[in-house]
>>> print(open('protein-v8.txt').read())   # compact mmCIF, C-alpha atoms
# COMPACT_ATOMS: atom_id res chain seq x y z
CA MET A 1 14.91 37.60 -48.83
CA LYS A 2 14.90 40.08 -45.97
CA LEU A 3 17.76 40.04 -43.47
CA ALA A 4 15.53 38.93 -40.58
CA GLU A 5 14.13 36.04 -42.63
CA ALA A 6 17.61 35.04 -43.79
CA THR A 7 18.84 35.11 -40.20
CA ARG A 8 15.93 32.93 -39.03
CA THR A 9 16.59 30.49 -41.88
CA SER A 10 20.27 30.27 -41.01
CA LEU A 11 19.43 29.70 -37.36
CA ASP A 12 16.94 26.99 -38.27
CA VAL A 13 19.58 25.25 -40.38
CA LEU A 14 22.16 25.49 -37.61
CA GLN A 15 19.68 24.15 -35.04
CA ALA A 16 18.76 21.26 -37.31
CA GLU A 17 22.42 20.45 -37.93
CA PHE A 18 23.15 20.67 -34.22
CA ALA A 19 20.24 18.38 -33.39
CA MET A 20 21.35 15.91 -36.05
CA GLY A 21 24.90 15.98 -34.72
CA ARG A 22 23.67 15.45 -31.18
CA ARG A 23 21.53 12.52 -32.28
CA SER A 24 24.52 11.03 -34.10
CA THR A 25 26.69 11.46 -31.00
CA ASP A 26 24.00 9.91 -28.79
CA ALA A 27 23.62 6.98 -31.18
CA TYR A 28 27.37 6.43 -31.20
CA ASP A 29 27.55 6.61 -27.40
CA ASN A 30 24.65 4.18 -27.08
CA ALA A 31 26.26 1.73 -29.52
CA LEU A 32 29.59 2.01 -27.70
CA GLY A 33 27.89 1.44 -24.36
CA LEU A 34 26.09 -1.61 -25.74
CA ARG A 35 29.34 -3.11 -27.08
CA GLU A 36 31.05 -2.54 -23.74
CA ALA A 37 28.13 -4.11 -21.86
CA GLU A 38 28.13 -7.13 -24.19
CA ALA A 39 31.89 -7.53 -23.72
CA SER A 40 31.46 -7.52 -19.94
CA VAL A 41 28.66 -10.11 -20.09
CA ALA A 42 30.65 -12.33 -22.45
CA ASP A 43 33.73 -12.13 -20.23
CA THR A 44 31.72 -13.07 -17.14
CA PHE A 45 30.06 -15.95 -18.99
CA GLU A 46 33.43 -17.26 -20.15
CA ALA A 47 34.86 -17.07 -16.62
CA GLU A 48 31.87 -18.14 -14.52
CA PHE A 49 29.90 -20.65 -16.58
CA PRO A 50 32.67 -23.28 -16.36
CA VAL A 51 32.96 -22.82 -12.59
CA VAL A 52 29.21 -23.19 -12.08
CA THR A 53 28.47 -25.97 -14.59
CA GLY A 54 31.79 -27.79 -14.95
CA ARG A 55 31.73 -27.21 -18.71
CA THR A 56 34.49 -25.58 -20.74
CA VAL A 57 34.00 -22.21 -22.45
CA LYS A 58 36.36 -20.30 -24.72
CA ILE A 59 35.16 -17.23 -26.61
CA LEU A 60 36.55 -17.40 -30.16
CA SER A 61 35.24 -14.26 -31.79
CA THR A 62 32.75 -11.42 -31.84
CA SER A 63 29.96 -11.63 -34.38
CA GLU A 64 26.70 -9.93 -35.30
CA SER A 65 24.20 -12.77 -35.28
CA PRO A 66 24.90 -14.33 -32.87
CA ASP A 67 26.93 -11.93 -30.72
CA ARG A 68 29.71 -14.38 -29.88
CA ILE A 69 31.16 -17.60 -31.27
CA ALA A 70 32.54 -19.87 -28.56
CA LEU A 71 33.86 -23.35 -27.99
CA ILE A 72 31.67 -24.95 -25.34
CA ASP A 73 32.81 -28.43 -24.37
CA GLY A 74 34.83 -28.40 -27.57
CA ILE A 75 31.81 -27.69 -29.79
CA GLU A 76 31.61 -24.46 -31.77
CA THR A 77 28.52 -22.73 -30.42
CA GLY A 78 26.86 -19.38 -31.01
CA VAL A 79 26.03 -17.26 -27.97
CA GLU A 80 23.30 -14.65 -28.36
CA LEU A 81 23.42 -12.03 -25.61
CA THR A 82 20.38 -10.13 -24.41
CA SER A 83 19.15 -8.17 -21.42
CA ILE A 84 16.32 -9.41 -19.22
CA LYS A 85 14.74 -6.43 -17.46
CA ALA A 86 12.60 -7.88 -14.70
CA GLY A 87 11.47 -7.09 -11.18
CA ASP A 88 10.19 -10.49 -10.08
CA ALA A 89 10.11 -14.17 -11.02
CA ASP A 90 7.02 -13.84 -13.24
CA ASP A 91 8.66 -11.04 -15.22
CA MET A 92 11.88 -13.04 -15.63
CA ILE A 93 10.03 -15.95 -17.18
CA ALA A 94 7.81 -13.71 -19.33
CA GLU A 95 10.80 -11.74 -20.66
CA ALA A 96 12.79 -14.90 -21.33
CA LEU A 97 9.88 -16.31 -23.33
CA ARG A 98 9.27 -13.06 -25.21
CA LEU A 99 12.89 -12.63 -26.23
CA ALA A 100 13.36 -16.30 -27.07
CA SER A 101 10.32 -16.15 -29.35
CA LYS A 102 11.36 -12.87 -30.97
CA LYS A 103 14.94 -13.98 -31.63
CA HIS A 104 13.83 -17.45 -32.75
CA GLU A 105 11.62 -15.96 -35.46
CA SER A 106 14.43 -13.73 -36.73
CA TYR A 107 17.12 -16.42 -36.64
CA ASP A 108 14.89 -19.12 -38.08
CA ARG A 109 13.95 -16.87 -40.99
CA ARG A 110 17.64 -16.25 -41.76
CA GLY A 111 18.68 -19.89 -41.34
CA ILE A 112 21.10 -19.11 -38.51
CA PHE A 113 20.05 -22.15 -36.50
CA ASP A 114 21.32 -24.37 -39.32
CA THR A 115 24.95 -23.31 -38.81
CA ARG A 116 25.75 -24.42 -35.24
CA PRO A 117 24.16 -24.90 -31.81
CA LEU A 118 23.02 -21.59 -30.37
CA ILE A 119 22.68 -20.54 -26.73
CA LEU A 120 20.47 -17.63 -25.67
CA LEU A 121 22.07 -15.94 -22.65
CA GLY A 122 20.03 -13.34 -20.81
CA GLN A 123 21.73 -10.92 -18.43
CA LEU A 124 19.45 -10.01 -15.51
CA ASP A 125 18.96 -6.25 -15.37
CA TRP A 126 16.88 -3.83 -13.29
CA PRO A 127 13.27 -3.48 -14.51
CA ALA A 128 13.80 0.26 -15.13
CA LYS A 129 16.44 2.91 -14.65
CA ASP A 130 17.00 3.60 -10.94
CA VAL A 131 14.52 0.84 -10.01
CA GLU A 132 16.46 -1.95 -8.33
CA GLY A 133 15.23 -5.45 -9.09
CA LEU A 134 15.62 -8.69 -7.21
CA ALA A 135 18.71 -10.86 -7.45
CA LEU A 136 18.35 -14.25 -9.12
CA TYR A 137 19.31 -15.87 -5.83
CA ASP A 138 16.27 -14.26 -4.18
CA VAL A 139 13.74 -15.84 -6.54
CA HIS A 140 15.33 -19.03 -7.86
CA LYS A 141 13.00 -21.28 -5.85
CA GLU A 142 9.97 -19.39 -7.11
CA LEU A 143 11.29 -19.62 -10.67
CA ALA A 144 11.62 -23.39 -10.32
CA GLU A 145 7.98 -23.58 -9.20
CA LEU A 146 6.62 -21.26 -11.88
CA ILE A 147 8.44 -22.47 -14.97
CA VAL A 148 6.53 -24.66 -17.41
CA PRO A 149 9.23 -26.52 -19.38
CA SER A 150 7.02 -27.08 -22.40
CA ASP A 151 6.69 -23.31 -22.84
CA PHE A 152 10.31 -23.26 -23.97
CA ASP A 153 9.90 -26.12 -26.43
CA GLY A 154 9.96 -25.32 -30.10
CA PHE A 155 12.60 -22.61 -30.04
CA GLY A 156 15.71 -23.14 -32.10
CA PHE A 157 18.07 -22.47 -29.22
CA SER A 158 19.93 -25.47 -27.87
CA GLU A 159 19.97 -23.85 -24.42
CA ILE A 160 18.38 -20.81 -22.75
CA TRP A 161 20.04 -19.33 -19.65
CA LEU A 162 19.62 -16.35 -17.35
CA MET A 163 22.78 -14.97 -15.70
CA ASP A 164 23.04 -12.63 -12.73
CA ASP A 165 26.41 -11.16 -11.76
CA GLY A 166 24.91 -8.24 -9.84
CA PRO A 167 26.64 -6.91 -6.72
CA LYS A 168 23.98 -7.74 -4.13
CA TYR A 169 25.63 -10.92 -2.85
CA THR A 170 29.17 -10.12 -3.96
CA SER A 171 31.92 -8.86 -1.68
CA ARG A 172 33.50 -5.63 -2.84
CA HIS A 173 36.85 -7.30 -2.17
CA ASP A 174 36.08 -10.28 -4.42
CA PRO A 175 37.60 -9.68 -7.89
CA ARG A 176 35.89 -12.73 -9.42
CA ALA A 177 32.46 -11.13 -9.92
CA PRO A 178 30.79 -14.50 -9.26
CA ALA A 179 27.59 -15.14 -11.19
CA ASP A 180 24.45 -17.18 -10.64
CA PHE A 181 22.61 -18.91 -13.48
CA PHE A 182 19.14 -20.28 -14.10
CA CYS A 183 18.52 -22.63 -17.01
CA PHE A 184 15.15 -22.51 -18.79
CA ALA A 185 16.00 -25.10 -21.43
CA PRO A 186 16.74 -27.90 -22.17
CA THR A 187 14.59 -29.79 -19.67
CA GLU A 188 17.42 -31.87 -18.23
CA LYS A 189 19.33 -28.74 -17.22
CA ILE A 190 16.42 -26.65 -15.88
CA GLY A 191 17.07 -25.07 -12.52
CA PHE A 192 19.35 -22.85 -10.48
CA TRP A 193 23.13 -23.11 -10.87
CA GLU A 194 25.44 -21.25 -8.51
CA ARG A 195 29.00 -20.81 -7.38
CA GLU A 196 28.97 -21.84 -3.74
CA ARG A 197 29.98 -18.85 -1.63
CA LYS A 198 29.12 -16.96 1.50
CA ARG A 199 26.15 -14.74 0.80
CA ARG A 200 26.04 -11.29 2.29
CA PRO A 201 22.57 -10.58 3.77
CA HIS A 202 20.58 -7.88 2.03
CA TRP A 203 20.43 -5.57 5.06
CA VAL A 204 24.23 -5.43 5.20
CA TRP A 205 24.44 -4.42 1.54
CA SER A 206 21.77 -1.76 2.02
CA GLU A 207 23.51 -0.25 5.01
CA ILE A 208 26.83 -0.06 3.18
CA PHE A 209 25.25 2.02 0.45
>>> encode(input="protein-v8.txt", output="structure tokens")
Amino acid sequence: MKLAEATRTSLDVLQAEFAMGRRSTDAYDNALGLREAEASVADTFEAEFPVVTGRTVKILSTSESPDRIALIDGIETGVELTSIKAGDADDMIAEALRLASKKHESYDRRGIFDTRPLILLGQLDWPAKDVEGLALYDVHKELAELIVPSDFDGFGFSEIWLMDDGPKYTSRHDPRAPADFFCFAPTEKIGFWERERKRRPHWVWSEIF
């Protein structure tokens, strides 16, 4: 093999190894970021859900499927965490239905619903990077009008909730990170659940930042 060809081959190998290493690093960083995000959501759920609903929550352990095992009102319950990327009320409902259906099929196939009650908890997120979405508080009345309860029938989840602990209506001096919730199922719990607090108007938040 000529020197030039050998050099090109060596460079190709080095570039491939570098690219593989970079992909491995990116994958690790993404996984770490996901675990940290899940931990934050679980912590907020454990702190805020009891305040908003009057029910007791204690996270017992981290798991794979579902993401958390918790005692809720003294009953061992699985909590599956997911992200709801939505820009309006229609998108919130559509994403909740899509993810509930997708996760139901996977969990039902593996018999996970047979073990314990399972809650699907969606964390409201922006519809896309750098595209700010609406707060749950902004659209909860529209959600209540749009939701068709029977659409959420037939899933194996005992409850399906959407949680929003975004900063829009939260004081920077409030360490509680209060959250709002909307229940999609079961029927008797459907609706908006909130921690009563003084809401900062949107124009104030926009001017601050």
>>> residues_around(input="protein-v8.txt", residues="Gly191 (chain A)", least_positions_apart="5", cutoff="8 Å", atoms="all atoms listed in the file", output="JSON, numbers by chain")
{"A": [140, 144, 182, 183, 184]}
>>> atom_distance(input="protein-v8.txt", atom1="CA of Glu132 (chain A)", atom2="CA of Ile190 (chain A)")
25.8 Å
>>> atom_distance(input="protein-v8.txt", atom1="CA of Ile75 (chain A)", atom2="CA of Ile93 (chain A)")
27.8 Å
>>> closest_residue(input="protein-v8.txt", among="A:Glu46, A:Glu80, A:Glu188, A:Asp164", to="Phe113 (chain A)", atoms="only C-alpha atoms")
A:Glu80
>>> closest_residue(input="protein-v8.txt", among="A:Ile84, A:Val41, A:Ile59, A:Leu97", to="Asp151 (chain A)", atoms="all atoms listed in the file")
A:Leu97
>>> closest_residue(input="protein-v8.txt", among="A:Pro66, A:Pro149, A:Gly154, A:Gly74", to="Leu118 (chain A)", atoms="all atoms listed in the file")
A:Pro66
>>> atom_distance(input="protein-v8.txt", atom1="CA of Met163 (chain A)", atom2="CA of Asp114 (chain A)")
25.5 Å
>>> build_atoms(input="protein-v8.txt", residues="region 100-121 of chain A", atoms="N, CA, C and O atoms", output="short mmCIF file (atom, residue, chain, number, x, y, z; two decimals), in the coordinates of the input")
data_model
loop_
_atom_site.label_atom_id
_atom_site.label_comp_id
_atom_site.auth_asym_id
_atom_site.auth_seq_id
_atom_site.Cartn_x
_atom_site.Cartn_y
_atom_site.Cartn_z
N ALA A 100 13.06 -15.04 -26.37
CA ALA A 100 13.36 -16.30 -27.07
C ALA A 100 12.50 -16.43 -28.32
O ALA A 100 12.98 -16.83 -29.39
N SER A 101 11.23 -16.07 -28.21
CA SER A 101 10.32 -16.15 -29.35
C SER A 101 10.72 -15.15 -30.43
O SER A 101 10.77 -15.48 -31.62
N LYS A 102 11.00 -13.92 -30.02
CA LYS A 102 11.36 -12.87 -30.97
C LYS A 102 12.64 -13.23 -31.73
O LYS A 102 12.70 -13.12 -32.96
N LYS A 103 13.66 -13.67 -31.00
CA LYS A 103 14.94 -13.98 -31.63
C LYS A 103 14.85 -15.28 -32.44
O LYS A 103 15.51 -15.42 -33.47
N HIS A 104 14.02 -16.21 -31.98
CA HIS A 104 13.83 -17.45 -32.75
C HIS A 104 13.26 -17.14 -34.13
O HIS A 104 13.74 -17.67 -35.14
N GLU A 105 12.25 -16.29 -34.18
CA GLU A 105 11.62 -15.96 -35.46
C GLU A 105 12.63 -15.33 -36.41
O GLU A 105 12.69 -15.67 -37.60
N SER A 106 13.44 -14.41 -35.89
CA SER A 106 14.43 -13.73 -36.73
C SER A 106 15.51 -14.70 -37.21
O SER A 106 15.86 -14.73 -38.39
N TYR A 107 16.02 -15.50 -36.30
CA TYR A 107 17.12 -16.42 -36.64
C TYR A 107 16.64 -17.56 -37.53
O TYR A 107 17.36 -18.01 -38.42
N ASP A 108 15.43 -18.03 -37.27
CA ASP A 108 14.89 -19.12 -38.08
C ASP A 108 14.67 -18.65 -39.52
O ASP A 108 14.97 -19.38 -40.48
N ARG A 109 14.19 -17.43 -39.66
CA ARG A 109 13.95 -16.87 -40.99
C ARG A 109 15.24 -16.74 -41.78
O ARG A 109 15.26 -16.92 -43.00
N ARG A 110 16.35 -16.46 -41.09
CA ARG A 110 17.64 -16.25 -41.76
C ARG A 110 18.49 -17.52 -41.80
O ARG A 110 19.62 -17.49 -42.28
N GLY A 111 17.96 -18.62 -41.27
CA GLY A 111 18.68 -19.89 -41.34
C GLY A 111 19.88 -19.98 -40.42
O GLY A 111 20.76 -20.82 -40.62
N ILE A 112 19.94 -19.14 -39.39
CA ILE A 112 21.10 -19.11 -38.51
C ILE A 112 21.18 -20.36 -37.64
O ILE A 112 22.28 -20.82 -37.28
N PHE A 113 20.04 -20.95 -37.33
CA PHE A 113 20.05 -22.15 -36.50
C PHE A 113 20.67 -23.35 -37.23
O PHE A 113 21.04 -24.34 -36.60
N ASP A 114 20.78 -23.25 -38.54
CA ASP A 114 21.32 -24.37 -39.32
C ASP A 114 22.85 -24.45 -39.26
O ASP A 114 23.44 -25.45 -39.67
N THR A 115 23.49 -23.40 -38.77
CA THR A 115 24.95 -23.31 -38.81
C THR A 115 25.63 -24.05 -37.68
O THR A 115 26.58 -24.80 -37.88
N ARG A 116 25.12 -23.86 -36.45
CA ARG A 116 25.75 -24.42 -35.24
C ARG A 116 24.76 -24.35 -34.09
O ARG A 116 23.76 -23.63 -34.18
N PRO A 117 25.01 -25.07 -33.00
CA PRO A 117 24.16 -24.90 -31.81
C PRO A 117 24.20 -23.45 -31.35
O PRO A 117 25.22 -22.77 -31.50
N LEU A 118 23.11 -22.99 -30.76
CA LEU A 118 23.02 -21.59 -30.37
C LEU A 118 22.41 -21.47 -28.97
O LEU A 118 21.33 -21.98 -28.71
N ILE A 119 23.14 -20.78 -28.09
CA ILE A 119 22.68 -20.54 -26.73
C ILE A 119 22.14 -19.12 -26.63
O ILE A 119 22.76 -18.17 -27.13
N LEU A 120 20.99 -18.96 -25.99
CA LEU A 120 20.47 -17.63 -25.67
C LEU A 120 20.83 -17.35 -24.21
O LEU A 120 20.40 -18.07 -23.30
N LEU A 121 21.63 -16.30 -24.00
CA LEU A 121 22.07 -15.94 -22.65
C LEU A 121 21.50 -14.58 -22.28
O LEU A 121 21.86 -13.56 -22.86
#
